[in-house]
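Undergrad: Below is the file work_22.cif, which contains mmCIF, C-alpha atoms.
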data_final
#
loop_
_atom_site.group_PDB
_atom_site.id
_atom_site.type_symbol
_atom_site.label_atom_id
_atom_site.label_comp_id
_atom_site.auth_asym_id
_atom_site.auth_seq_id
_atom_site.Cartn_x
_atom_site.Cartn_y
_atom_site.Cartn_z
ATOM 1 C CA MET A 1 90.146 70.322 87.761
ATOM 2 C CA HIS A 2 88.319 69.022 90.813
ATOM 3 C CA LYS A 3 85.221 71.143 91.208
ATOM 4 C CA ASP A 4 85.034 70.831 94.987
ATOM 5 C CA SER A 5 88.678 71.785 95.329
ATOM 6 C CA THR A 6 88.347 75.265 93.899
ATOM 7 C CA LEU A 7 86.631 77.134 96.729
ATOM 8 C CA LEU A 8 89.359 79.714 96.935
ATOM 9 C CA ALA A 9 90.593 79.521 93.371
ATOM 10 C CA LEU A 10 92.149 82.706 92.109
ATOM 11 C CA ILE A 11 90.883 84.894 94.898
ATOM 12 C CA LEU A 12 92.334 87.825 93.067
ATOM 13 C CA ALA A 13 89.716 87.469 90.371
ATOM 14 C CA LEU A 14 89.120 91.129 89.722
ATOM 15 C CA LEU A 15 89.265 90.570 85.989
ATOM 16 C CA ILE A 16 85.891 88.892 86.139
ATOM 17 C CA VAL A 17 84.169 92.231 85.758
ATOM 18 C CA ILE A 18 82.783 92.775 82.276
ATOM 19 C CA PRO A 19 84.317 95.852 80.653
ATOM 20 C CA ASN A 20 82.086 98.867 80.252
ATOM 21 C CA THR A 21 80.700 99.792 76.916
ATOM 22 C CA SER A 22 81.536 103.343 75.910
ATOM 23 C CA GLY A 23 79.546 106.050 77.569
ATOM 24 C CA VAL A 24 78.771 104.200 80.802
ATOM 25 C CA SER A 25 79.086 106.604 83.696
ATOM 26 C CA GLN A 26 80.481 105.644 87.075
ATOM 27 C CA GLY A 27 79.218 108.886 88.592
ATOM 28 C CA GLN A 28 75.889 107.402 89.573
ATOM 29 C CA LEU A 29 77.379 105.247 92.295
ATOM 30 C CA ARG A 30 76.777 106.853 95.656
ATOM 31 C CA VAL A 31 76.474 105.936 99.292
ATOM 32 C CA GLY A 32 72.826 105.476 100.230
ATOM 33 C CA PHE A 33 71.616 104.892 96.686
ATOM 34 C CA TYR A 34 68.605 102.933 97.982
ATOM 35 C CA SER A 35 67.698 105.291 100.829
ATOM 36 C CA LYS A 36 64.399 106.237 99.177
ATOM 37 C CA THR A 37 63.620 103.314 96.881
ATOM 38 C CA CYS A 38 64.429 100.524 99.362
ATOM 39 C CA PRO A 39 65.480 102.125 102.664
ATOM 40 C CA ASN A 40 65.948 98.846 104.536
ATOM 41 C CA ALA A 41 68.096 97.221 101.867
ATOM 42 C CA GLU A 42 71.425 97.449 103.658
ATOM 43 C CA SER A 43 70.025 96.338 107.024
ATOM 44 C CA ILE A 44 68.326 93.321 105.404
ATOM 45 C CA ILE A 45 71.564 92.277 103.727
ATOM 46 C CA ARG A 46 73.491 92.736 106.954
ATOM 47 C CA LYS A 47 71.073 90.530 108.909
ATOM 48 C CA VAL A 48 71.401 87.759 106.325
ATOM 49 C CA VAL A 49 75.193 87.991 106.518
ATOM 50 C CA GLN A 50 75.174 88.065 110.317
ATOM 51 C CA LYS A 51 73.159 84.859 110.394
ATOM 52 C CA ALA A 52 75.396 83.171 107.825
ATOM 53 C CA VAL A 53 78.607 84.055 109.668
ATOM 54 C CA ALA A 54 77.106 83.045 113.021
ATOM 55 C CA ASN A 55 76.209 79.658 111.529
ATOM 56 C CA ASN A 56 79.653 79.205 110.021
ATOM 57 C CA PRO A 57 82.515 81.703 110.534
ATOM 58 C CA ARG A 58 84.031 80.470 107.274
ATOM 59 C CA ASN A 59 81.240 82.299 105.442
ATOM 60 C CA ALA A 60 82.936 85.623 106.138
ATOM 61 C CA ALA A 61 85.885 84.671 103.947
ATOM 62 C CA ILE A 62 83.582 83.174 101.326
ATOM 63 C CA LEU A 63 81.586 86.392 101.002
ATOM 64 C CA LEU A 64 84.694 88.549 100.910
ATOM 65 C CA ARG A 65 86.153 86.498 98.075
ATOM 66 C CA LEU A 66 82.842 86.403 96.276
ATOM 67 C CA GLN A 67 83.156 90.097 95.547
ATOM 68 C CA PHE A 68 86.493 89.394 93.893
ATOM 69 C CA HIS A 69 84.995 86.654 91.760
ATOM 70 C CA ASP A 70 81.681 88.419 91.227
ATOM 71 C CA CYS A 71 80.872 86.224 88.258
ATOM 72 C CA PHE A 72 77.283 85.239 88.745
ATOM 73 C CA VAL A 73 76.192 88.843 89.162
ATOM 74 C CA LYS A 74 76.987 89.578 85.553
ATOM 75 C CA ASN A 75 76.883 86.085 84.120
ATOM 76 C CA ASP A 76 74.876 82.944 84.632
ATOM 77 C CA ALA A 77 75.771 79.465 85.790
ATOM 78 C CA ASP A 78 76.064 78.178 82.231
ATOM 79 C CA GLY A 79 78.672 80.693 81.214
ATOM 80 C CA GLU A 80 81.336 82.436 83.203
ATOM 81 C CA LEU A 81 80.507 80.575 86.394
ATOM 82 C CA LYS A 82 81.769 77.402 84.720
ATOM 83 C CA ALA A 83 85.105 78.910 83.818
ATOM 84 C CA GLN A 84 88.019 77.110 85.417
ATOM 85 C CA GLY A 85 88.893 79.933 87.792
ATOM 86 C CA ASN A 86 85.423 80.069 89.318
ATOM 87 C CA LEU A 87 84.431 76.448 89.811
ATOM 88 C CA GLY A 88 83.576 75.763 93.416
ATOM 89 C CA VAL A 89 83.245 79.385 94.524
ATOM 90 C CA LEU A 90 80.595 79.378 97.223
ATOM 91 C CA GLY A 91 78.335 81.948 98.837
ATOM 92 C CA PHE A 92 75.643 82.107 96.185
ATOM 93 C CA ASP A 93 73.009 80.760 98.566
ATOM 94 C CA ILE A 94 73.652 83.605 100.989
ATOM 95 C CA ILE A 95 73.363 86.214 98.246
ATOM 96 C CA GLU A 96 70.196 84.591 96.920
ATOM 97 C CA SER A 97 68.692 84.591 100.422
ATOM 98 C CA ALA A 98 69.232 88.340 100.682
ATOM 99 C CA LYS A 99 67.968 88.848 97.133
ATOM 100 C CA GLY A 100 64.788 86.890 97.858
ATOM 101 C CA GLN A 101 63.986 89.009 100.888
ATOM 102 C CA LEU A 102 64.669 92.212 98.989
ATOM 103 C CA GLU A 103 62.496 91.134 96.059
ATOM 104 C CA ASN A 104 59.612 90.581 98.473
ATOM 105 C CA ILE A 105 59.663 94.156 99.710
ATOM 106 C CA CYS A 106 61.403 96.075 96.896
ATOM 107 C CA PRO A 107 60.950 94.075 93.696
ATOM 108 C CA GLY A 108 63.285 94.976 90.862
ATOM 109 C CA ILE A 109 65.187 97.618 92.843
ATOM 110 C CA VAL A 110 68.394 96.227 94.397
ATOM 111 C CA SER A 111 70.974 94.729 92.055
ATOM 112 C CA CYS A 112 72.841 91.523 92.742
ATOM 113 C CA ALA A 113 76.106 93.400 92.176
ATOM 114 C CA ASP A 114 75.293 95.718 95.062
ATOM 115 C CA ILE A 115 74.231 92.828 97.297
ATOM 116 C CA VAL A 116 77.614 91.171 96.727
ATOM 117 C CA ALA A 117 79.501 94.394 97.510
ATOM 118 C CA LEU A 118 77.489 95.114 100.651
ATOM 119 C CA ALA A 119 77.676 91.515 101.858
ATOM 120 C CA ALA A 120 81.477 91.569 101.522
ATOM 121 C CA ARG A 121 81.647 94.761 103.578
ATOM 122 C CA ASP A 122 79.424 93.289 106.281
ATOM 123 C CA ALA A 123 81.398 90.050 106.351
ATOM 124 C CA ILE A 124 84.647 91.943 106.909
ATOM 125 C CA SER A 125 83.192 93.922 109.802
ATOM 126 C CA LEU A 126 81.851 90.784 111.486
ATOM 127 C CA VAL A 127 85.362 89.336 111.833
ATOM 128 C CA LYS A 128 86.832 92.455 113.446
ATOM 129 C CA GLY A 129 87.633 94.189 110.186
ATOM 130 C CA PRO A 130 86.665 97.750 109.277
ATOM 131 C CA PHE A 131 83.087 98.779 108.556
ATOM 132 C CA PHE A 132 82.882 101.272 105.703
ATOM 133 C CA ASP A 133 80.456 103.016 103.405
ATOM 134 C CA VAL A 134 79.899 101.257 100.084
ATOM 135 C CA PRO A 135 78.816 103.354 97.098
ATOM 136 C CA THR A 136 75.867 101.621 95.442
ATOM 137 C CA GLY A 137 73.829 101.918 92.278
ATOM 138 C CA ARG A 138 75.390 99.133 90.210
ATOM 139 C CA ARG A 139 73.430 97.285 87.559
ATOM 140 C CA ASP A 140 73.721 93.614 86.650
ATOM 141 C CA GLY A 141 75.025 92.239 83.366
ATOM 142 C CA ARG A 142 72.873 90.918 80.547
ATOM 143 C CA LEU A 143 75.163 88.303 79.056
ATOM 144 C CA SER A 144 77.130 85.215 79.957
ATOM 145 C CA LYS A 145 80.552 84.533 78.472
ATOM 146 C CA MET A 146 82.908 81.933 79.823
ATOM 147 C CA SER A 147 85.751 83.601 77.948
ATOM 148 C CA LEU A 148 85.503 86.646 80.195
ATOM 149 C CA ALA A 149 86.798 84.565 83.102
ATOM 150 C CA GLU A 150 89.662 82.858 81.335
ATOM 151 C CA ASN A 151 92.378 85.394 82.126
ATOM 152 C CA LEU A 152 92.012 85.533 85.886
ATOM 153 C CA PRO A 153 95.042 86.049 88.105
ATOM 154 C CA ASP A 154 96.358 82.645 89.080
ATOM 155 C CA VAL A 155 97.787 81.427 92.375
ATOM 156 C CA ASP A 156 100.959 80.414 90.535
ATOM 157 C CA ASP A 157 101.402 83.671 88.605
ATOM 158 C CA SER A 158 104.685 85.543 88.989
ATOM 159 C CA VAL A 159 104.543 88.892 90.721
ATOM 160 C CA ASN A 160 105.064 90.657 87.387
ATOM 161 C CA VAL A 161 102.080 88.862 85.878
ATOM 162 C CA LEU A 162 99.961 89.704 88.917
ATOM 163 C CA LYS A 163 100.984 93.354 88.724
ATOM 164 C CA SER A 164 100.187 93.434 85.017
ATOM 165 C CA LYS A 165 96.732 91.922 85.477
ATOM 166 C CA PHE A 166 95.880 94.403 88.201
ATOM 167 C CA ARG A 167 97.146 97.344 86.185
ATOM 168 C CA GLU A 168 94.916 96.297 83.302
ATOM 169 C CA LYS A 169 92.034 97.073 85.640
ATOM 170 C CA GLY A 170 93.429 100.395 86.781
ATOM 171 C CA LEU A 171 94.635 98.945 90.071
ATOM 172 C CA SER A 172 98.062 99.799 91.430
ATOM 173 C CA ASP A 173 100.798 97.728 93.052
ATOM 174 C CA LYS A 174 99.541 99.041 96.386
ATOM 175 C CA ASP A 175 96.031 97.832 95.561
ATOM 176 C CA LEU A 176 97.501 94.428 94.692
ATOM 177 C CA VAL A 177 99.112 94.124 98.115
ATOM 178 C CA LEU A 178 96.105 95.428 100.027
ATOM 179 C CA LEU A 179 93.488 93.361 98.229
ATOM 180 C CA SER A 180 95.519 90.172 98.106
ATOM 181 C CA CYS A 181 96.461 90.311 101.774
ATOM 182 C CA GLY A 182 93.035 91.503 102.848
ATOM 183 C CA ALA A 183 91.370 88.633 101.006
ATOM 184 C CA HIS A 184 93.745 86.142 102.636
ATOM 185 C CA THR A 185 93.707 87.372 106.194
ATOM 186 C CA ILE A 186 90.771 85.026 106.855
ATOM 187 C CA GLY A 187 89.668 81.650 105.581
ATOM 188 C CA VAL A 188 91.161 78.533 104.056
ATOM 189 C CA THR A 189 92.490 77.191 100.793
ATOM 190 C CA ALA A 190 92.534 73.724 99.235
ATOM 191 C CA CYS A 191 95.527 71.427 98.904
ATOM 192 C CA PHE A 192 94.783 71.419 95.173
ATOM 193 C CA PHE A 193 96.463 74.820 94.991
ATOM 194 C CA MET A 194 99.510 73.693 96.943
ATOM 195 C CA GLN A 195 100.702 70.874 94.678
ATOM 196 C CA LYS A 196 103.002 72.856 92.413
ATOM 197 C CA ARG A 197 104.395 74.962 95.236
ATOM 198 C CA LEU A 198 105.206 71.981 97.417
ATOM 199 C CA TYR A 199 106.147 69.273 94.930
ATOM 200 C CA ASN A 200 106.889 70.711 91.500
ATOM 201 C CA PHE A 201 108.148 74.257 91.928
ATOM 202 C CA THR A 202 111.668 73.533 90.709
ATOM 203 C CA PRO A 203 113.049 70.875 88.347
ATOM 204 C CA GLY A 204 113.201 67.524 90.054
ATOM 205 C CA GLY A 205 110.198 68.105 92.279
ATOM 206 C CA GLY A 206 111.583 70.737 94.645
ATOM 207 C CA SER A 207 109.524 73.073 96.809
ATOM 208 C CA ASP A 208 109.257 76.850 96.591
ATOM 209 C CA PRO A 209 112.470 78.151 98.222
ATOM 210 C CA ALA A 210 110.507 81.100 99.630
ATOM 211 C CA ILE A 211 108.852 78.764 102.138
ATOM 212 C CA ASN A 212 110.419 78.954 105.583
ATOM 213 C CA PRO A 213 112.228 75.597 106.128
ATOM 214 C CA ARG A 214 110.551 75.270 109.528
ATOM 215 C CA PHE A 215 107.120 75.785 107.949
ATOM 216 C CA LEU A 216 107.586 73.462 104.978
ATOM 217 C CA PRO A 217 107.133 70.169 106.901
ATOM 218 C CA GLN A 218 103.832 71.436 108.301
ATOM 219 C CA LEU A 219 102.528 72.300 104.837
ATOM 220 C CA LYS A 220 103.611 68.938 103.461
ATOM 221 C CA ALA A 221 101.976 67.137 106.360
ATOM 222 C CA GLU A 222 98.701 68.934 105.697
ATOM 223 C CA CYS A 223 98.920 68.452 101.921
ATOM 224 C CA PRO A 224 100.933 65.282 101.235
ATOM 225 C CA LEU A 225 102.001 64.306 97.742
ATOM 226 C CA ASN A 226 99.204 62.329 96.057
ATOM 227 C CA GLY A 227 96.933 63.119 99.005
ATOM 228 C CA ASP A 228 93.369 64.406 98.993
ATOM 229 C CA VAL A 229 93.467 67.689 97.078
ATOM 230 C CA ASN A 230 90.105 68.703 98.559
ATOM 231 C CA VAL A 231 91.523 69.026 102.085
ATOM 232 C CA ARG A 232 91.288 72.599 103.368
ATOM 233 C CA ILE A 233 94.056 74.296 105.285
ATOM 234 C CA PRO A 234 94.031 77.756 106.922
ATOM 235 C CA LEU A 235 95.592 80.601 105.019
ATOM 236 C CA HIS A 236 97.278 81.238 108.331
ATOM 237 C CA TRP A 237 96.961 79.240 111.514
ATOM 238 C CA LEU A 238 97.037 81.936 114.174
ATOM 239 C CA THR A 239 93.960 84.040 113.458
ATOM 240 C CA GLN A 240 92.158 82.474 110.506
ATOM 241 C CA ASN A 241 88.773 83.922 111.543
ATOM 242 C CA VAL A 242 89.989 87.420 112.417
ATOM 243 C CA PHE A 243 90.687 90.228 109.967
ATOM 244 C CA ASP A 244 94.182 91.428 110.926
ATOM 245 C CA VAL A 245 97.669 92.020 109.540
ATOM 246 C CA GLN A 246 99.123 88.636 110.530
ATOM 247 C CA ILE A 247 99.137 87.597 106.862
ATOM 248 C CA LEU A 248 101.663 90.376 106.183
ATOM 249 C CA ARG A 249 104.035 89.012 108.814
ATOM 250 C CA ASN A 250 103.561 85.527 107.457
ATOM 251 C CA ILE A 251 104.613 86.648 103.987
ATOM 252 C CA ARG A 252 107.623 88.500 105.364
ATOM 253 C CA ASP A 253 108.720 85.505 107.428
ATOM 254 C CA GLY A 254 108.294 82.879 104.697
ATOM 255 C CA ASN A 255 105.113 81.510 106.216
ATOM 256 C CA ALA A 256 102.737 82.406 103.406
ATOM 257 C CA VAL A 257 100.554 79.448 102.486
ATOM 258 C CA ILE A 258 99.783 80.059 98.818
ATOM 259 C CA ALA A 259 102.320 80.994 96.189
ATOM 260 C CA SER A 260 100.719 84.234 95.002
ATOM 261 C CA ASP A 261 101.036 85.676 98.518
ATOM 262 C CA ALA A 262 104.696 84.720 98.722
ATOM 263 C CA ARG A 263 105.347 86.353 95.358
ATOM 264 C CA LEU A 264 104.491 89.749 96.864
ATOM 265 C CA TYR A 265 107.845 89.579 98.641
ATOM 266 C CA ASP A 266 109.760 88.849 95.422
ATOM 267 C CA ASP A 267 109.367 92.375 94.084
ATOM 268 C CA LYS A 268 110.928 95.513 95.554
ATOM 269 C CA SER A 269 107.813 97.639 95.111
ATOM 270 C CA THR A 270 105.302 95.216 96.610
ATOM 271 C CA ARG A 271 107.774 94.189 99.328
ATOM 272 C CA GLN A 272 108.171 97.801 100.442
ATOM 273 C CA ILE A 273 104.428 98.378 100.419
ATOM 274 C CA LEU A 274 103.811 95.252 102.475
ATOM 275 C CA GLY A 275 106.567 96.097 104.922
ATOM 276 C CA SER A 276 105.295 99.611 105.519
ATOM 277 C CA TYR A 277 102.265 98.235 107.376
ATOM 278 C CA ILE A 278 104.252 96.065 109.797
ATOM 279 C CA SER A 279 107.477 98.011 110.241
ATOM 280 C CA SER A 280 108.817 98.116 113.778
ATOM 281 C CA ASP A 281 111.023 101.174 113.444
ATOM 282 C CA GLY A 282 108.959 103.121 115.970
ATOM 283 C CA SER A 283 107.677 105.513 113.345
ATOM 284 C CA GLU A 284 104.444 107.255 114.199
ATOM 285 C CA THR A 285 103.642 107.632 110.506
ATOM 286 C CA ARG A 286 103.093 103.937 109.776
ATOM 287 C CA PRO A 287 100.054 103.730 107.490
ATOM 288 C CA SER A 288 96.859 102.012 108.587
ATOM 289 C CA PHE A 289 96.304 98.754 106.724
ATOM 290 C CA ASN A 290 92.567 98.861 107.479
ATOM 291 C CA GLU A 291 92.132 102.392 106.161
ATOM 292 C CA ASP A 292 94.069 101.691 102.985
ATOM 293 C CA PHE A 293 92.312 98.356 102.478
ATOM 294 C CA VAL A 294 88.958 100.146 102.601
ATOM 295 C CA LYS A 295 90.124 102.593 99.940
ATOM 296 C CA ALA A 296 91.294 99.723 97.742
ATOM 297 C CA MET A 297 88.009 97.851 98.199
ATOM 298 C CA VAL A 298 85.973 100.895 97.221
ATOM 299 C CA LYS A 299 88.257 101.511 94.245
ATOM 300 C CA MET A 300 87.905 97.916 93.109
ATOM 301 C CA GLY A 301 84.148 98.081 93.591
ATOM 302 C CA ASN A 302 83.948 101.152 91.357
ATOM 303 C CA THR A 303 85.921 99.576 88.517
ATOM 304 C CA GLU A 304 84.072 99.095 85.222
ATOM 305 C CA VAL A 305 80.605 99.007 86.726
ATOM 306 C CA LYS A 306 77.309 99.350 84.918
ATOM 307 C CA THR A 307 75.044 102.168 86.092
ATOM 308 C CA GLY A 308 72.033 104.149 84.945
ATOM 309 C CA SER A 309 70.355 102.546 81.940
ATOM 310 C CA GLN A 310 73.099 99.960 81.424
ATOM 311 C CA GLY A 311 72.420 96.360 82.364
ATOM 312 C CA ASP A 312 69.473 95.037 84.361
ATOM 313 C CA ILE A 313 68.303 94.419 87.888
ATOM 314 C CA ARG A 314 68.229 90.648 88.005
ATOM 315 C CA ARG A 315 65.266 88.835 89.484
ATOM 316 C CA VAL A 316 67.581 86.062 90.650
ATOM 317 C CA CYS A 317 71.315 86.442 90.847
ATOM 318 C CA ASN A 318 72.533 83.327 89.080
ATOM 319 C CA ALA A 319 70.726 83.880 85.789
ATOM 320 C CA VAL A 320 70.217 86.712 83.361
ATOM 321 C CA ASN A 321 66.683 88.061 83.017
#
Please, can you express the file's structure as structure tokens?
TA:
Amino acid sequence: MHKDSTLLALILALLIVIPNTSGVSQGQLRVGFYSKTCPNAESIIRKVVQKAVANNPRNAAILLRLQFHDCFVKNDADGELKAQGNLGVLGFDIIESAKGQLENICPGIVSCADIVALAARDAISLVKGPFFDVPTGRRDGRLSKMSLAENLPDVDDSVNVLKSKFREKGLSDKDLVLLSCGAHTIGVTACFFMQKRLYNFTPGGGSDPAINPRFLPQLKAECPLNGDVNVRIPLHWLTQNVFDVQILRNIRDGNAVIASDARLYDDKSTRQILGSYISSDGSETRPSFNEDFVKAMVKMGNTEVKTGSQGDIRRVCNAVN
């Protein structure tokens, strides 16, 4: 696999989180965990993220997806970070910048896991997405295992496989739709992840039939057969730097860029969930995508975390203590 081509590999990588050992409580996560021990923690992280996004709007998507990958928080660069699904994931420099500032004023207090979660929240809000409270109090992992990253959801997984992998983490079909679409409402992907969908989806080299025939020539022009797999293309062309629901319409209309997004329309359950946020039946009870996305993000962020005496507070985020 081309290392530079995997920036957005497996953006559904929730399975990266190391399972809890028995007896680990999730009850210690709470909003404002650092209010007494490091009261400026969240504002310091936000300023770092603001600067990063101002320098390059693409950093918003990178930081959002980094929470999904969240590998280096619990594992070091010689282990899980080298797993195939995580090669090329960026954003570590931004997290380390925030960590360095926090260590100067509150040494050994703020975990890398919490920095990642807070940075993702701030990134979303800076591209017109919702701002929300993030429960904090996570601890960082003490070990590095590449094997823990080997069963990540894949961009070419069927919808049933995706649903199964999410359910293994206690995440519902609704969470799958919200988190997948929310992660893809901004940013880009690499042509590396388009090869099977465009040129080898069916026997004989056919394309994914779910692609709108009017959209297919544009995708092939951007990612030609035997072309540069490191070329980046927007996950959607209209509002790639704005957090909105356009990705849902794209999926409905056959204009999804990556295969895993398109697969959400293959299944009755996920199709109905997706459609409920963009229905045009005049109903006043249409759910809010932003509100439900926030709930899913918080739920994901509370899944199998280490708290209390479990784990460590890392001195640097890309290596165990």
Undergrad: With the file shown as input, list the residues that the PyMOL selection byres ((chain A and resi 218-233) around 6) selects, as a CSV table (one decimal) with C-alpha atoms, keeping the file's coordinate frame.
TA:
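Below is the file that was written, selection35.csv:
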chain,number,residue,atom,x,y,z
A,5,SER,CA,88.7,71.8,95.3
A,188,VAL,CA,91.2,78.5,104.1
A,189,THR,CA,92.5,77.2,100.8
A,190,ALA,CA,92.5,73.7,99.2
A,191,CYS,CA,95.5,71.4,98.9
A,192,PHE,CA,94.8,71.4,95.2
A,215,PHE,CA,107.1,75.8,107.9
A,216,LEU,CA,107.6,73.5,105.0
A,217,PRO,CA,107.1,70.2,106.9
A,234,PRO,CA,94.0,77.8,106.9
Undergrad: Near Ala98 of chain A, within 7 Å and counting all atoms listed in the file, which residues show up once chain neighbours fewer than 6 positions away are dropped, as a PyMOL selection string?
TA: chain A and resi 44-45+48
Undergrad: From the options A:Val242, A:Val116, A:Leu102, A:Ala41, which residue's atoms come nearest to His184 of chain A, counting only C-alpha atoms?
TA: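 For His184 of chain A, the nearest of the given residues is A:Val242.
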Undergrad: Tell me which of A:Gly141, A:Cys106, A:Cys112, A:Leu126 sits closest to Gln310 of chain A, counting only C-alpha atoms.
TA: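 With only C-alpha atoms as the atom set, the closest residue is A:Gly141.
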Undergrad: Taking the file as shown, find all residues satisfying the PyMOL selection byres ((chain A and resi 267) around 12) and write them as a ChimeraX atom specification.
TA: /A:158-163,173,177,260-266,268-275
Undergrad: Give as JSON, numbers by chain the residues that the PyMOL selection byres ((chain A and resi 287) around 7) matches when applied to the coordinates above.
TA: {"A": [276, 277, 285, 286, 288, 289]}
Undergrad: Which is closer to Val134 of chain A than all the others in A:Leu152, A:Ala52, A:Leu64, A:Met297, using all atoms listed in the file?
TA: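 Closest residue, counting all atoms listed in the file: A:Met297.
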Undergrad: In Å, how far is it from atom CA of Asp244 of chain A to atom CA of Lys47 of chain A?
TA: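 Between these atoms lies a distance of 23.2 Å.
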Undergrad: What is the atom CA of Lys128 of chain A-atom CA of Ser111 of chain A distance in Å, reported with one decimal?
TA: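 Distance between the two atoms: 26.7 Å.
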Undergrad: Using only C-alpha atoms, which protein or nucleic acid residues come within 8 Å of Arg139 of chain A? Drop anything in the same chain fewer than 2 positions from it, and give the result as a PyMOL selection string.
TA: chain A and resi 111-114+137+141+305-308+310-313
Undergrad: So that I can check the surroundings of Phe92 of chain A, please list as a list in words every protein, DNA and RNA residue that reaches within 9 Å of it, counting all atoms listed in the file and ignoring chain neighbours fewer than 6 positions away.
TA: Leu63, Leu66, Phe72, Cys317 and Asn318 of chain A
Undergrad: What does the distance between atom CA of Gly100 of chain A and atom CA of Ala60 of chain A come to in Å, to one decimal place?
TA: 20.0 Å
Undergrad: I'd like the contact shell of Lys51 of chain A - 10 Å cut-off, all atoms listed in the file, skipping same-chain residues fewer than 6 positions apart - returned as JSON, numbers by chain.
TA: {"A": [57, 59, 94]}
Undergrad: Can you pull out the residues contacting Pro130 of chain A? Cut-off 8 Å, using all atoms listed in the file, and skip same-chain residues under 4 positions away; I want them as a VMD selection string.
TA: chain A and resid 124 to 125 290 to 291 294
Undergrad: Let's have the selection written as a compact mmCIF listing (two decimals), in the frame of the given file, with C-alpha atoms.
TA:
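Output (selection.txt):
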# COMPACT_ATOMS: atom_id res chain seq x y z
CA ILE A 124 84.65 91.94 106.91
CA SER A 125 83.19 93.92 109.80
CA ASN A 290 92.57 98.86 107.48
CA GLU A 291 92.13 102.39 106.16
CA VAL A 294 88.96 100.15 102.60
Undergrad: Smallest atom-to-atom distance to Ala256 of chain A: which of A:Gly301, A:Gly91, A:Gly204, A:Pro209, using all atoms listed in the file?
TA: A:Pro209
Undergrad: Restricting the calculation to all atoms listed in the file: of A:Lys295, A:Val127, A:Lys99, A:Ile105, which residue gets closest to Ala54 of chain A?
TA: A:Val127
Undergrad: Of the candidates A:Val49, A:Ile211, A:Leu171, A:Ala119, which one gets nearest to Ala296 of chain A if we count all atoms listed in the file?
TA: A:Leu171
